[in-house]
>>> print(open('run_24.txt').read())   # compact mmCIF, C-alpha atoms and all ligand atoms
# COMPACT_ATOMS: atom_id res chain seq x y z
CA MET P 26 -22.40 44.88 61.16
CA HIS P 27 -23.97 47.45 58.88
CA PRO P 28 -25.25 45.82 55.68
CA LEU P 29 -23.24 48.30 53.59
CA VAL P 30 -20.02 47.26 55.32
CA VAL P 31 -20.86 43.60 54.72
CA LEU P 32 -21.47 44.40 51.05
CA ALA P 33 -18.18 46.31 50.79
CA VAL P 34 -16.25 43.43 52.41
CA LEU P 35 -17.93 40.99 50.04
CA ILE P 36 -17.06 43.05 46.97
CA LEU P 37 -13.44 43.50 48.09
CA THR P 38 -13.10 39.75 48.76
CA LEU P 39 -14.50 38.94 45.33
CA LEU P 40 -12.16 41.44 43.70
CA TYR P 41 -9.20 39.95 45.58
CA LEU P 42 -10.14 36.40 44.58
CA HIS P 43 -10.67 37.45 40.99
CA ARG P 44 -7.21 39.09 40.88
CA ARG P 45 -5.60 36.09 42.50
CA HIS P 46 -7.15 33.55 40.18
CA ARG P 47 -7.13 35.49 36.96
CA LYS P 48 -5.12 33.90 34.22
CA PRO P 49 -1.72 35.44 33.49
CA THR P 50 -1.44 37.45 30.31
CA THR P 51 0.88 35.79 27.81
CA THR P 52 3.07 37.67 25.34
CA LEU P 53 4.16 35.79 22.25
CA ILE P 54 7.87 36.15 21.44
CA CYS P 55 8.75 35.65 17.78
CA THR P 56 12.06 37.47 17.34
CA LEU P 57 15.31 35.62 17.74
CA ASP P 58 17.13 38.19 19.88
CA GLU P 59 14.28 38.46 22.34
CA ALA P 60 13.85 34.69 22.44
CA ARG P 61 17.56 34.16 23.13
CA SER P 62 17.67 36.78 25.83
CA LEU P 63 14.60 35.37 27.61
CA LEU P 64 15.84 31.79 27.40
CA ALA P 65 19.18 32.82 28.87
CA ASN P 66 17.78 35.12 31.51
CA PRO P 67 14.03 34.84 31.84
CA SER P 68 13.14 37.25 34.60
CA THR P 69 14.43 39.45 37.38
CA ALA P 70 11.39 38.60 39.48
CA PHE P 71 12.06 34.85 39.66
CA THR P 72 14.92 32.38 39.54
CA PRO P 73 15.13 30.57 36.17
CA LEU P 74 13.65 27.44 37.76
CA GLN P 75 10.72 29.38 39.23
CA SER P 76 10.19 31.16 35.97
CA ARG P 77 9.74 27.83 34.19
CA ALA P 78 7.96 25.96 37.00
CA LEU P 79 5.11 28.46 37.30
CA PRO P 80 3.66 27.96 33.82
CA ASN P 81 4.19 24.21 34.20
CA GLN P 82 2.08 23.86 37.34
CA ARG P 83 -0.74 22.53 35.16
CA LEU P 84 1.41 19.41 34.62
CA VAL P 85 1.69 18.90 38.37
CA THR P 86 -2.09 19.01 38.70
CA ALA P 87 -2.67 16.73 35.73
CA PHE P 88 0.08 14.17 36.21
CA GLY P 89 1.42 14.64 39.74
CA ILE P 90 4.94 15.00 38.35
CA ASN P 91 7.95 16.54 40.05
CA ASN P 92 10.77 16.84 37.52
CA SER P 93 13.07 19.37 35.84
CA PHE P 94 10.09 21.17 34.34
CA THR P 95 8.20 21.67 37.58
CA THR P 96 10.77 21.91 40.37
CA THR P 97 12.10 25.11 41.93
CA SER P 98 14.80 23.23 43.83
CA LEU P 99 18.29 23.48 42.38
CA GLN P 100 19.24 20.21 43.97
CA HIS P 101 16.27 18.28 42.63
CA HIS P 102 16.82 19.79 39.18
CA LYS P 103 20.44 18.72 39.21
CA SER P 104 19.79 15.17 40.34
CA PHE P 105 16.86 14.67 37.94
CA LEU P 106 18.91 15.92 35.02
CA HIS P 107 21.78 13.69 36.05
CA THR P 108 19.53 10.61 36.07
CA ALA P 109 17.95 11.53 32.72
CA SER P 110 21.28 12.26 31.03
CA HIS P 111 22.67 8.98 32.27
CA LEU P 112 19.74 7.02 30.80
CA LEU P 113 20.17 8.74 27.45
CA LYS P 114 23.75 7.61 26.90
CA LEU P 115 23.59 4.44 24.83
CA SER P 116 26.57 2.36 23.78
CA PRO P 117 26.82 1.02 20.19
CA SER P 118 25.59 -2.37 21.36
CA GLN P 119 22.63 -0.78 23.13
CA TRP P 120 21.74 1.03 19.89
CA ALA P 121 21.88 -2.30 18.08
CA SER P 122 19.53 -3.80 20.71
CA MET P 123 17.23 -0.80 20.28
CA ALA P 124 17.04 -1.47 16.55
CA GLN P 125 16.10 -5.08 17.29
CA LEU P 126 13.55 -4.11 19.89
CA ALA P 127 12.02 -1.54 17.51
CA GLN P 128 11.58 -4.24 14.88
CA SER P 129 10.31 -6.88 17.28
CA LEU P 130 7.43 -4.61 18.36
CA LEU P 131 6.13 -4.03 14.84
CA PRO P 132 2.77 -5.46 13.71
CA SER P 133 2.85 -8.84 11.96
CA LYS P 134 3.76 -9.15 8.30
CA HIS P 135 0.12 -10.04 7.53
CA THR P 136 -1.08 -6.58 8.54
CA ARG P 137 -2.66 -4.72 5.64
CA THR P 138 -3.94 -1.60 7.42
CA LEU P 139 -2.22 0.60 9.96
CA HIS P 140 -4.13 3.20 11.97
CA LEU P 141 -1.13 5.42 12.44
CA ILE P 142 -1.74 7.44 15.58
CA PRO P 143 -2.96 4.74 18.00
CA PHE P 144 -0.22 2.46 16.72
CA LEU P 145 2.57 5.05 17.03
CA ARG P 146 1.55 6.21 20.48
CA THR P 147 1.60 2.69 21.90
CA TYR P 148 4.73 1.80 19.96
CA VAL P 149 6.80 4.80 21.07
CA LEU P 150 5.58 4.52 24.66
CA THR P 151 6.48 0.81 24.79
CA ILE P 152 10.00 1.54 23.50
CA ILE P 153 10.51 4.22 26.15
CA LEU P 154 9.15 1.97 28.88
CA HIS P 155 11.67 -0.71 27.94
CA LEU P 156 14.48 1.78 27.74
CA PHE P 157 13.98 3.73 30.94
CA PHE P 158 12.67 0.99 33.18
CA PRO P 159 14.86 -2.09 32.83
CA ALA P 160 12.55 -3.97 35.23
CA TYR P 161 9.52 -3.18 33.06
CA MET P 162 7.55 -6.33 32.27
CA PRO P 163 5.84 -6.22 28.89
CA ALA P 164 2.22 -5.49 29.70
CA ASP P 165 -0.99 -6.02 27.80
CA GLU P 166 -0.72 -3.78 24.74
CA ALA P 167 -4.16 -2.38 25.47
CA VAL P 168 -3.01 -1.07 28.88
CA VAL P 169 -0.05 0.75 27.33
CA GLY P 170 -2.37 2.09 24.63
CA ARG P 171 -4.76 3.35 27.30
CA LEU P 172 -1.88 5.07 29.12
CA ALA P 173 -0.89 6.78 25.88
CA GLN P 174 -4.47 7.96 25.33
CA LEU P 175 -4.79 9.22 28.89
CA ILE P 176 -1.53 11.16 28.70
CA HIS P 177 -2.80 12.81 25.55
CA ALA P 178 -6.25 13.58 26.98
CA LEU P 179 -4.91 14.97 30.25
CA TRP P 180 -2.33 17.07 28.45
CA VAL P 181 -4.98 18.63 26.25
CA GLN P 182 -7.38 19.15 29.18
CA SER P 183 -4.65 20.73 31.31
CA LYS P 184 -4.26 23.51 28.74
CA THR P 185 -7.73 24.82 29.47
CA GLY P 186 -8.17 24.02 33.17
CA ALA P 187 -7.84 21.23 35.72
CA PRO P 188 -8.34 17.84 34.05
CA SER P 189 -11.31 15.76 35.16
CA LEU P 190 -11.00 13.75 38.34
CA ALA P 191 -12.17 10.63 36.48
CA SER P 192 -9.26 10.87 33.99
CA ARG P 193 -6.75 11.46 36.79
CA GLN P 194 -8.07 8.49 38.76
CA GLU P 195 -7.91 6.28 35.71
CA LEU P 196 -4.33 7.41 35.10
CA SER P 197 -3.38 6.38 38.66
CA GLU P 198 -4.98 2.97 38.15
CA VAL P 199 -3.19 2.37 34.85
CA MET P 200 0.12 3.47 36.40
CA ARG P 201 -0.39 1.08 39.31
CA THR P 202 -1.05 -1.78 36.87
CA LEU P 203 2.10 -1.01 34.89
CA PHE P 204 4.36 -0.11 37.82
CA PRO P 205 3.19 -1.94 40.94
CA ASP P 206 6.48 -1.43 42.82
CA VAL P 207 7.94 1.88 41.67
CA ALA P 208 8.24 4.54 44.35
CA GLU P 209 8.93 7.62 42.23
CA ASN P 210 6.36 8.74 39.66
CA PRO P 211 7.51 7.14 36.35
CA LEU P 212 5.73 9.94 34.50
CA ASN P 213 8.53 12.30 35.60
CA LEU P 214 10.67 10.66 32.93
CA LEU P 215 8.06 9.25 30.60
CA LEU P 216 6.27 12.49 29.94
CA PRO P 217 9.07 14.66 28.49
CA ALA P 218 10.33 11.76 26.40
CA TYR P 219 7.07 10.32 25.09
CA GLU P 220 5.07 13.50 24.50
CA THR P 221 7.76 14.91 22.23
CA LEU P 222 9.00 11.82 20.44
CA TRP P 223 5.79 10.29 19.10
CA ARG P 224 4.63 13.48 17.45
CA VAL P 225 7.80 14.07 15.48
CA VAL P 226 8.03 10.37 14.56
CA LEU P 227 4.50 10.68 13.16
CA ARG P 228 5.28 13.65 10.95
CA LEU P 229 8.64 12.42 9.76
CA PHE P 230 7.03 9.09 8.89
CA ILE P 231 4.39 10.83 6.75
CA GLU P 232 7.04 12.96 5.01
CA VAL P 233 9.29 9.99 4.29
CA HIS P 234 6.41 7.89 3.04
CA ARG P 235 5.40 10.52 0.50
CA GLY P 236 9.01 11.47 -0.31
CA PRO P 237 11.57 9.96 -2.70
CA ALA P 238 12.64 6.30 -2.34
CA GLU P 239 16.19 7.39 -1.39
CA TRP P 240 14.95 8.68 1.96
CA ARG P 241 13.54 5.28 2.85
CA GLU P 242 16.72 3.60 1.68
CA VAL P 243 19.03 5.76 3.73
CA LEU P 244 16.88 5.15 6.82
CA ASN P 245 16.85 1.44 6.12
CA LEU P 246 20.63 1.35 5.99
CA TYR P 247 20.73 3.13 9.32
CA LEU P 248 18.29 0.64 10.85
CA GLN P 249 20.51 -2.24 9.73
CA ARG P 250 23.48 -0.69 11.54
CA PRO P 251 22.43 2.20 13.78
CA SER P 252 25.87 3.78 14.13
CA THR P 253 26.75 7.48 14.36
CA GLU P 254 28.50 7.12 11.03
CA ARG P 255 25.40 5.82 9.24
CA PHE P 256 23.25 8.41 10.93
CA ARG P 257 25.39 11.04 9.27
CA SER P 258 26.08 9.42 5.94
CA SER P 259 24.01 10.58 3.03
CA ARG P 260 22.57 9.26 -0.19
CA ASP P 261 21.81 11.83 -2.88
CA GLY P 262 22.67 14.53 -0.36
CA VAL P 263 20.25 13.36 2.35
CA SER P 264 21.23 11.59 5.57
CA PRO P 265 19.03 10.35 8.44
CA MET P 266 20.43 13.31 10.40
CA PHE P 267 19.19 15.79 7.79
CA LEU P 268 15.75 14.15 7.72
CA VAL P 269 15.46 14.44 11.49
CA ARG P 270 16.76 18.01 11.66
CA GLU P 271 14.31 19.10 8.99
CA ALA P 272 11.42 17.35 10.77
CA LEU P 273 12.35 19.09 14.01
CA ARG P 274 12.56 22.42 12.18
CA LEU P 275 9.20 22.18 10.46
CA TYR P 276 7.34 20.22 13.14
CA PRO P 277 8.88 21.01 16.55
CA PRO P 278 6.94 19.01 19.16
CA THR P 279 7.57 21.76 21.72
CA LYS P 280 6.12 24.62 19.77
CA ARG P 281 6.35 27.19 22.52
CA VAL P 282 8.43 27.45 25.67
CA TYR P 283 6.75 29.32 28.53
CA ARG P 284 8.35 31.47 31.22
CA ALA P 285 6.85 33.59 33.99
CA VAL P 286 8.37 37.06 33.86
CA GLY P 287 6.30 38.83 36.51
CA GLU P 288 3.18 38.49 38.59
CA LYS P 289 0.51 37.21 36.20
CA ALA P 290 2.78 37.84 33.22
CA TRP P 291 4.15 35.04 31.06
CA VAL P 292 5.99 34.89 27.78
CA ALA P 293 5.57 32.16 25.18
CA ILE P 294 8.74 31.81 23.12
CA ASP P 295 7.51 30.67 19.75
CA LEU P 296 10.12 28.13 18.61
CA GLU P 297 7.92 27.07 15.73
CA ALA P 298 7.69 30.62 14.34
CA LEU P 299 11.46 31.15 14.73
CA GLN P 300 12.14 28.01 12.70
CA MET P 301 9.76 29.17 9.97
CA ASP P 302 11.33 32.55 9.28
CA SER P 303 11.60 32.89 5.50
CA LYS P 304 14.27 35.60 5.83
CA VAL P 305 16.53 32.96 7.36
CA TRP P 306 15.38 29.73 5.73
CA GLY P 307 14.35 31.02 2.33
CA GLU P 308 11.10 31.26 0.39
CA ASP P 309 10.57 27.49 0.57
CA VAL P 310 10.60 27.64 4.38
CA ALA P 311 7.31 25.69 4.63
CA ILE P 312 8.52 22.83 2.44
CA PHE P 313 10.07 19.72 3.94
CA ARG P 314 13.44 19.82 2.22
CA PRO P 315 16.15 17.91 4.13
CA GLU P 316 18.74 18.85 1.48
CA ARG P 317 18.85 22.36 2.92
CA TRP P 318 20.89 20.97 5.82
CA ARG P 319 23.85 20.39 3.50
CA PHE P 320 24.53 24.09 3.79
CA VAL P 321 24.36 24.25 7.56
CA ALA P 322 27.82 23.47 8.87
CA SER P 323 26.96 22.60 12.47
CA GLU P 324 24.25 22.58 15.13
CA ARG P 325 25.82 25.74 16.42
CA GLN P 326 25.19 27.46 13.11
CA ALA P 327 21.65 26.04 13.09
CA GLY P 328 21.14 27.58 16.54
CA GLU P 329 22.28 30.94 15.21
CA MET P 330 19.65 30.59 12.49
CA GLY P 331 16.98 30.08 15.16
CA TRP P 332 16.77 26.27 15.08
CA MET P 333 16.18 25.37 18.69
CA PRO P 334 13.72 22.46 18.95
CA PHE P 335 15.50 21.31 22.12
CA GLY P 336 15.51 24.72 23.79
CA GLU P 337 18.42 27.02 24.52
CA GLY P 338 19.90 29.14 27.27
CA CYS P 339 19.39 28.01 30.86
CA PHE P 340 17.70 24.73 30.04
CA VAL P 341 18.68 22.59 27.11
CA CYS P 342 17.13 19.18 26.56
CA PRO P 343 19.51 16.37 27.58
CA ALA P 344 18.27 14.31 24.60
CA LYS P 345 19.45 16.93 22.12
CA GLY P 346 22.89 15.66 21.15
CA MET P 347 22.40 12.14 19.89
CA PHE P 348 19.67 10.31 21.74
CA ALA P 349 16.47 11.90 20.43
CA PRO P 350 17.63 12.49 16.83
CA ARG P 351 18.92 8.95 16.48
CA LEU P 352 15.90 7.36 18.10
CA ILE P 353 13.54 9.32 15.84
CA ALA P 354 15.40 8.09 12.74
CA LEU P 355 15.43 4.55 14.03
CA LEU P 356 11.71 4.42 14.78
CA VAL P 357 10.69 6.00 11.48
CA ALA P 358 12.93 3.52 9.67
CA ALA P 359 11.40 0.60 11.58
CA VAL P 360 7.79 1.64 10.86
CA GLY P 361 8.76 2.10 7.23
CA ARG P 362 9.51 -1.60 7.09
CA VAL P 363 5.91 -2.49 7.81
CA VAL P 364 4.17 0.09 5.66
CA PRO P 365 5.23 -0.48 2.06
CA ALA P 366 5.87 2.43 -0.31
CA GLU P 367 2.69 1.64 -2.26
CA ALA P 368 0.45 1.88 0.86
CA MET P 369 -2.33 4.45 0.41
CA PRO P 370 -3.29 6.98 3.05
CA THR P 371 -7.03 7.03 3.87
CA ALA P 372 -8.91 8.97 6.54
CA GLU P 373 -12.41 9.39 7.91
CA ARG P 374 -11.85 13.13 8.32
CA LYS P 375 -10.79 14.81 5.11
CA GLU P 376 -8.38 17.09 6.98
CA ASP P 377 -6.44 14.06 8.24
CA LEU P 378 -5.23 13.20 4.75
CA PRO P 379 -1.71 14.59 4.23
CA GLU P 380 -2.06 17.27 1.58
CA LYS P 381 0.78 18.78 -0.40
CA GLY P 382 2.99 21.22 1.47
CA ARG P 383 3.54 21.57 5.18
CA LEU P 384 1.74 19.08 7.44
CA ASP P 385 -0.52 20.17 10.25
CA ASN P 386 1.53 20.44 13.47
CA GLU P 387 -1.41 20.55 15.86
CA ARG P 388 -1.66 17.97 18.61
CA ASP P 389 -4.94 16.56 17.29
CA GLY P 390 -3.92 16.31 13.64
CA TYR P 391 -4.16 13.03 11.69
CA VAL P 392 -6.18 11.09 14.29
CA THR P 393 -8.12 9.14 11.66
CA LEU P 394 -5.24 8.64 9.23
CA LYS P 395 -4.67 5.03 8.12
CA TYR P 396 -2.35 3.44 5.60
CA CYS P 397 -3.76 0.52 3.59
CA TRP P 398 -1.96 -1.87 1.23
C1 LIG J 401 12.02 15.07 19.91
C2 LIG J 401 12.37 14.92 21.15
C3 LIG J 401 12.49 16.03 22.14
C4 LIG J 401 12.28 17.37 22.01
C5 LIG J 401 11.88 18.14 20.76
C6 LIG J 401 12.52 17.98 23.31
C7 LIG J 401 12.41 19.33 23.58
C8 LIG J 401 12.79 19.92 24.76
C9 LIG J 401 12.79 21.35 25.02
C10 LIG J 401 12.33 22.43 24.06
C11 LIG J 401 13.26 21.53 26.28
C12 LIG J 401 13.47 22.88 26.98
C13 LIG J 401 12.24 23.20 27.82
C14 LIG J 401 12.36 24.53 28.53
O1 LIG J 401 13.31 25.26 28.32
O2 LIG J 401 11.43 24.82 29.32
C15 LIG J 401 13.55 20.22 26.83
C16 LIG J 401 14.03 20.01 28.07
C17 LIG J 401 14.15 18.77 28.62
N1 LIG J 401 13.94 17.56 28.00
FE1 LIG J 401 13.49 17.28 26.08
N2 LIG J 401 12.85 16.99 24.19
C18 LIG J 401 12.85 15.79 23.52
C19 LIG J 401 13.13 14.55 24.02
C20 LIG J 401 13.43 14.30 25.33
C21 LIG J 401 13.69 13.00 25.87
C22 LIG J 401 13.71 11.69 25.08
C23 LIG J 401 13.93 13.17 27.18
C24 LIG J 401 14.26 12.05 28.12
C25 LIG J 401 13.96 11.97 29.36
C26 LIG J 401 13.85 14.60 27.47
C27 LIG J 401 14.04 15.20 28.71
C28 LIG J 401 14.13 16.55 28.93
C29 LIG J 401 14.49 17.15 30.21
C30 LIG J 401 14.78 16.40 31.50
C31 LIG J 401 14.50 18.54 30.01
C32 LIG J 401 14.81 19.63 31.05
C33 LIG J 401 16.23 20.11 30.91
C34 LIG J 401 16.60 21.10 31.99
O3 LIG J 401 15.85 21.26 32.94
O4 LIG J 401 17.69 21.70 31.91
N3 LIG J 401 13.54 15.25 26.32
N4 LIG J 401 13.25 19.27 25.88
>>> encode(input="run_24.txt", output="structure tokens")
Amino acid sequence: MHPLVVLAVLILTLLYLHRRHRKPTTTLICTLDEARSLLANPSTAFTPLQSRALPNQRLVTAFGINNSFTTTSLQHHKSFLHTASHLLKLSPSQWASMAQLAQSLLPSKHTRTLHLIPFLRTYVLTIILHLFFPAYMPADEAVVGRLAQLIHALWVQSKTGAPSLASRQELSEVMRTLFPDVAENPLNLLLPAYETLWRVVLRLFIEVHRGPAEWREVLNLYLQRPSTERFRSSRDGVSPMFLVREALRLYPPTKRVYRAVGEKAWVAIDLEALQMDSKVWGEDVAIFRPERWRFVASERQAGEMGWMPFGEGCFVCPAKGMFAPRLIALLVAAVGRVVPAEAMPTAERKEDLPEKGRLDNERDGYVTLKYCW
């Protein structure tokens, strides 16, 4: 073949490969009407499941999961959601057992320092393991802690490319140690629950610790009897429900929801920005002020104001109603029993010390934060 033809074929192949592998362009969506419309009807090019699964392929590579977030099969979506929803319905006695479990997993009374992030990651993951996998045998705390670290590392790596083979292999080993006999990937369930919960528990804990004593008291009452009634009942105008709603407004763990809307075109619906609109929430939008929820009559009204930490439209989180909000309150209340009000925050990195005003909502925030007493 003529060398020029070979060169032309080579250039065309390279161009084709470049087009195929180029990253999609992502448009940020920050207006409520647009966000609503995209969440209800993401794209004409794809089914809603495809539109969500495409941007989530990175999670398949990193964690090997096949769940609501990654499937394009209506049937699989339905059955996964059914299983998840079923697990999230707890009876009053199960809530009481949860409160006991949450307290039994706390560090001993002799503890005088708590390194918040490693503790919370292991703690929240252990609670979820107990809850979702009744056959789960309490494992070495270090193994659960390593799983928590690996999930975090792989999640972060998957945002910029394929995570390292070494991390993925280590994840498989840890999973085999924790779940020697489970056929389906436990991460299908663990991931959406754990990756959201621990981060909001962290930020609500910091807010409550630096807030007025009444917030701790109202959470404590709820921990003593974790009923719907106590979740909603307030002291000085603040209930556990208001604390949780405000934490989810200011620090939504899912900051952006991604959808594919065309070939190599994605949108990122910016839930965090929608919940920080001062025209809706007022000039003090960036302040953690649970009292503001006194003037919001219902979750429906909150949704109309752009509060949608659990998503909206085609896919709404099954933990939205009661499970996630109540568990967040319960865990923050439990940790508050170990860390006394007079405990002082310290940190190796200056930026990890909670300053006045809104906390950092980045995934890597507060890694060196400790409380000492
Ligand atoms: C603070 C806690 C949580 C937050 C903020 C949260 C947030 C969200 C959001 C924003 C979505 C919509 C995603 C999208 O539209 O692409 C979602 C969906 C979902 N979440 Fe959660 N979530 C939380 C806890 C949980 C828990 C504890 C579970 C338990 C397994 C869970 C399971 C799911 C599932 C299965 C879906 C997919 C629903 C569907 O496909 O229709 N989430 N979550």
>>> residues_near_ligand(input="run_24.txt", ligand="ligand LIG 401 (chain J)", cutoff="6 Å", atoms="all atoms listed in the file", output="PyMOL selection string")
chain P and resi 77+93-94+106+109+214+217-218+221-222+277-279+282+334-336+340-344+349
>>> closest_residue(input="run_24.txt", among="P:His111, P:Arg325, P:Lys103, P:Arg224", to="Lys280 (chain P)", atoms="only C-alpha atoms")
P:Arg224
>>> closest_residue(input="run_24.txt", among="P:Leu212, P:Ala366, P:Ile36, P:Leu227", to="Arg388 (chain P)", atoms="all atoms listed in the file")
P:Leu227
>>> closest_residue(input="run_24.txt", among="P:Ala285, P:Leu244, P:Leu154, P:Ile176", to="Phe204 (chain P)", atoms="only C-alpha atoms")
P:Leu154
>>> closest_residue(input="run_24.txt", among="P:Ala65, P:Ala160, P:Leu150, P:Leu74", to="Leu356 (chain P)", atoms="only C-alpha atoms")
P:Leu150
>>> atom_distance(input="run_24.txt", atom1="CA of Leu141 (chain P)", atom2="CA of Lys395 (chain P)")
5.6 Å
>>> atom_distance(input="run_24.txt", atom1="CA of Pro251 (chain P)", atom2="CA of Arg317 (chain P)")
23.2 Å
>>> residues_around(input="run_24.txt", residues="Ala290 (chain P)", least_positions_apart="4", cutoff="12 Å", atoms="all atoms listed in the file", output="ChimeraX atom specification")
/P:47-53,67-68,70-71,76,79-80,283-286
>>> closest_residue(input="run_24.txt", among="P:Pro132, P:Pro143, P:Gly170, P:Gly307", to="Gly361 (chain P)", atoms="only C-alpha atoms")
P:Pro132
>>> residues_around(input="run_24.txt", residues="Arg241 (chain P)", least_positions_apart="2", cutoff="10 Å", atoms="all atoms listed in the file", output="number ranges by chain")
P: 230, 233-239, 243-247, 265, 357-358, 361-362, 366
>>> atom_distance(input="run_24.txt", atom1="CA of Thr136 (chain P)", atom2="CA of Ala167 (chain P)")
17.7 Å
>>> axis_aligned_box(input="run_24.txt", around="region 265-270 of chain P", padding_each_side="3 Å", output="AutoDock Vina command-line options")
--center_x 17.9 --center_y 14.2 --center_z 9.7 --size_x 11.0 --size_y 13.7 --size_z 9.9
>>> closest_residue(input="run_24.txt", among="P:Leu130, P:Ile153, P:Ala311, P:Met26", to="Tyr219 (chain P)", atoms="all atoms listed in the file")
P:Ile153
>>> residues_around(input="run_24.txt", residues="Ala191 (chain P)", least_positions_apart="3", cutoff="12 Å", atoms="all atoms listed in the file", output="MDAnalysis selection string")
chainID P and resid 87 175 178:179 187:188 194:198
>>> residues_near_point(input="run_24.txt", point="(13.3, 32.5, 21.6)", cutoff="6 Å", atoms="only C-alpha atoms", output="compact mmCIF listing (two decimals) with C-alpha atoms, keeping the file's coordinate frame")
# COMPACT_ATOMS: atom_id res chain seq x y z
CA LEU P 57 15.31 35.62 17.74
CA ALA P 60 13.85 34.69 22.44
CA ARG P 61 17.56 34.16 23.13
CA ILE P 294 8.74 31.81 23.12
>>> build_atoms(input="run_24.txt", residues="region 337-342 of chain P", atoms="all heavy atoms", output="PDB file, keeping the file's coordinate frame")
ATOM      1  N   GLU P 337      17.122  26.323  24.513  1.00  0.00           N
ATOM      2  CA  GLU P 337      18.420  27.020  24.520  1.00  0.00           C
ATOM      3  C   GLU P 337      18.552  27.777  25.825  1.00  0.00           C
ATOM      4  O   GLU P 337      17.565  27.933  26.548  1.00  0.00           O
ATOM      5  CB  GLU P 337      18.457  28.010  23.344  1.00  0.00           C
ATOM      6  CG  GLU P 337      19.830  28.111  22.710  1.00  0.00           C
ATOM      7  CD  GLU P 337      19.986  29.364  21.876  1.00  0.00           C
ATOM      8  OE1 GLU P 337      20.164  30.450  22.464  1.00  0.00           O
ATOM      9  OE2 GLU P 337      19.945  29.238  20.659  1.00  0.00           O
ATOM     10  N   GLY P 338      19.738  28.286  26.093  1.00  0.00           N
ATOM     11  CA  GLY P 338      19.900  29.140  27.270  1.00  0.00           C
ATOM     12  C   GLY P 338      20.061  28.328  28.536  1.00  0.00           C
ATOM     13  O   GLY P 338      20.870  27.416  28.605  1.00  0.00           O
ATOM     14  N   CYS P 339      19.248  28.656  29.549  1.00  0.00           N
ATOM     15  CA  CYS P 339      19.390  28.010  30.860  1.00  0.00           C
ATOM     16  C   CYS P 339      19.131  26.509  30.812  1.00  0.00           C
ATOM     17  O   CYS P 339      19.768  25.735  31.506  1.00  0.00           O
ATOM     18  CB  CYS P 339      18.363  28.538  31.845  1.00  0.00           C
ATOM     19  SG  CYS P 339      18.489  30.230  32.213  1.00  0.00           S
ATOM     20  N   PHE P 340      18.125  26.129  30.007  1.00  0.00           N
ATOM     21  CA  PHE P 340      17.700  24.730  30.040  1.00  0.00           C
ATOM     22  C   PHE P 340      17.704  24.133  28.640  1.00  0.00           C
ATOM     23  O   PHE P 340      16.871  24.503  27.812  1.00  0.00           O
ATOM     24  CB  PHE P 340      16.288  24.613  30.613  1.00  0.00           C
ATOM     25  CG  PHE P 340      16.119  25.297  31.929  1.00  0.00           C
ATOM     26  CD1 PHE P 340      15.229  26.343  32.067  1.00  0.00           C
ATOM     27  CD2 PHE P 340      16.862  24.901  33.030  1.00  0.00           C
ATOM     28  CE1 PHE P 340      15.066  26.983  33.280  1.00  0.00           C
ATOM     29  CE2 PHE P 340      16.715  25.535  34.253  1.00  0.00           C
ATOM     30  CZ  PHE P 340      15.817  26.584  34.375  1.00  0.00           C
ATOM     31  N   VAL P 341      18.649  23.238  28.421  1.00  0.00           N
ATOM     32  CA  VAL P 341      18.680  22.590  27.110  1.00  0.00           C
ATOM     33  C   VAL P 341      18.365  21.112  27.322  1.00  0.00           C
ATOM     34  O   VAL P 341      18.837  20.495  28.282  1.00  0.00           O
ATOM     35  CB  VAL P 341      20.070  22.767  26.449  1.00  0.00           C
ATOM     36  CG1 VAL P 341      20.125  22.024  25.121  1.00  0.00           C
ATOM     37  CG2 VAL P 341      20.350  24.242  26.224  1.00  0.00           C
ATOM     38  N   CYS P 342      17.562  20.571  26.428  1.00  0.00           N
ATOM     39  CA  CYS P 342      17.130  19.180  26.560  1.00  0.00           C
ATOM     40  C   CYS P 342      18.336  18.228  26.572  1.00  0.00           C
ATOM     41  O   CYS P 342      19.194  18.288  25.690  1.00  0.00           O
ATOM     42  CB  CYS P 342      16.239  18.835  25.367  1.00  0.00           C
ATOM     43  SG  CYS P 342      15.674  17.141  25.382  1.00  0.00           S
TER      44      CYS P 342
END
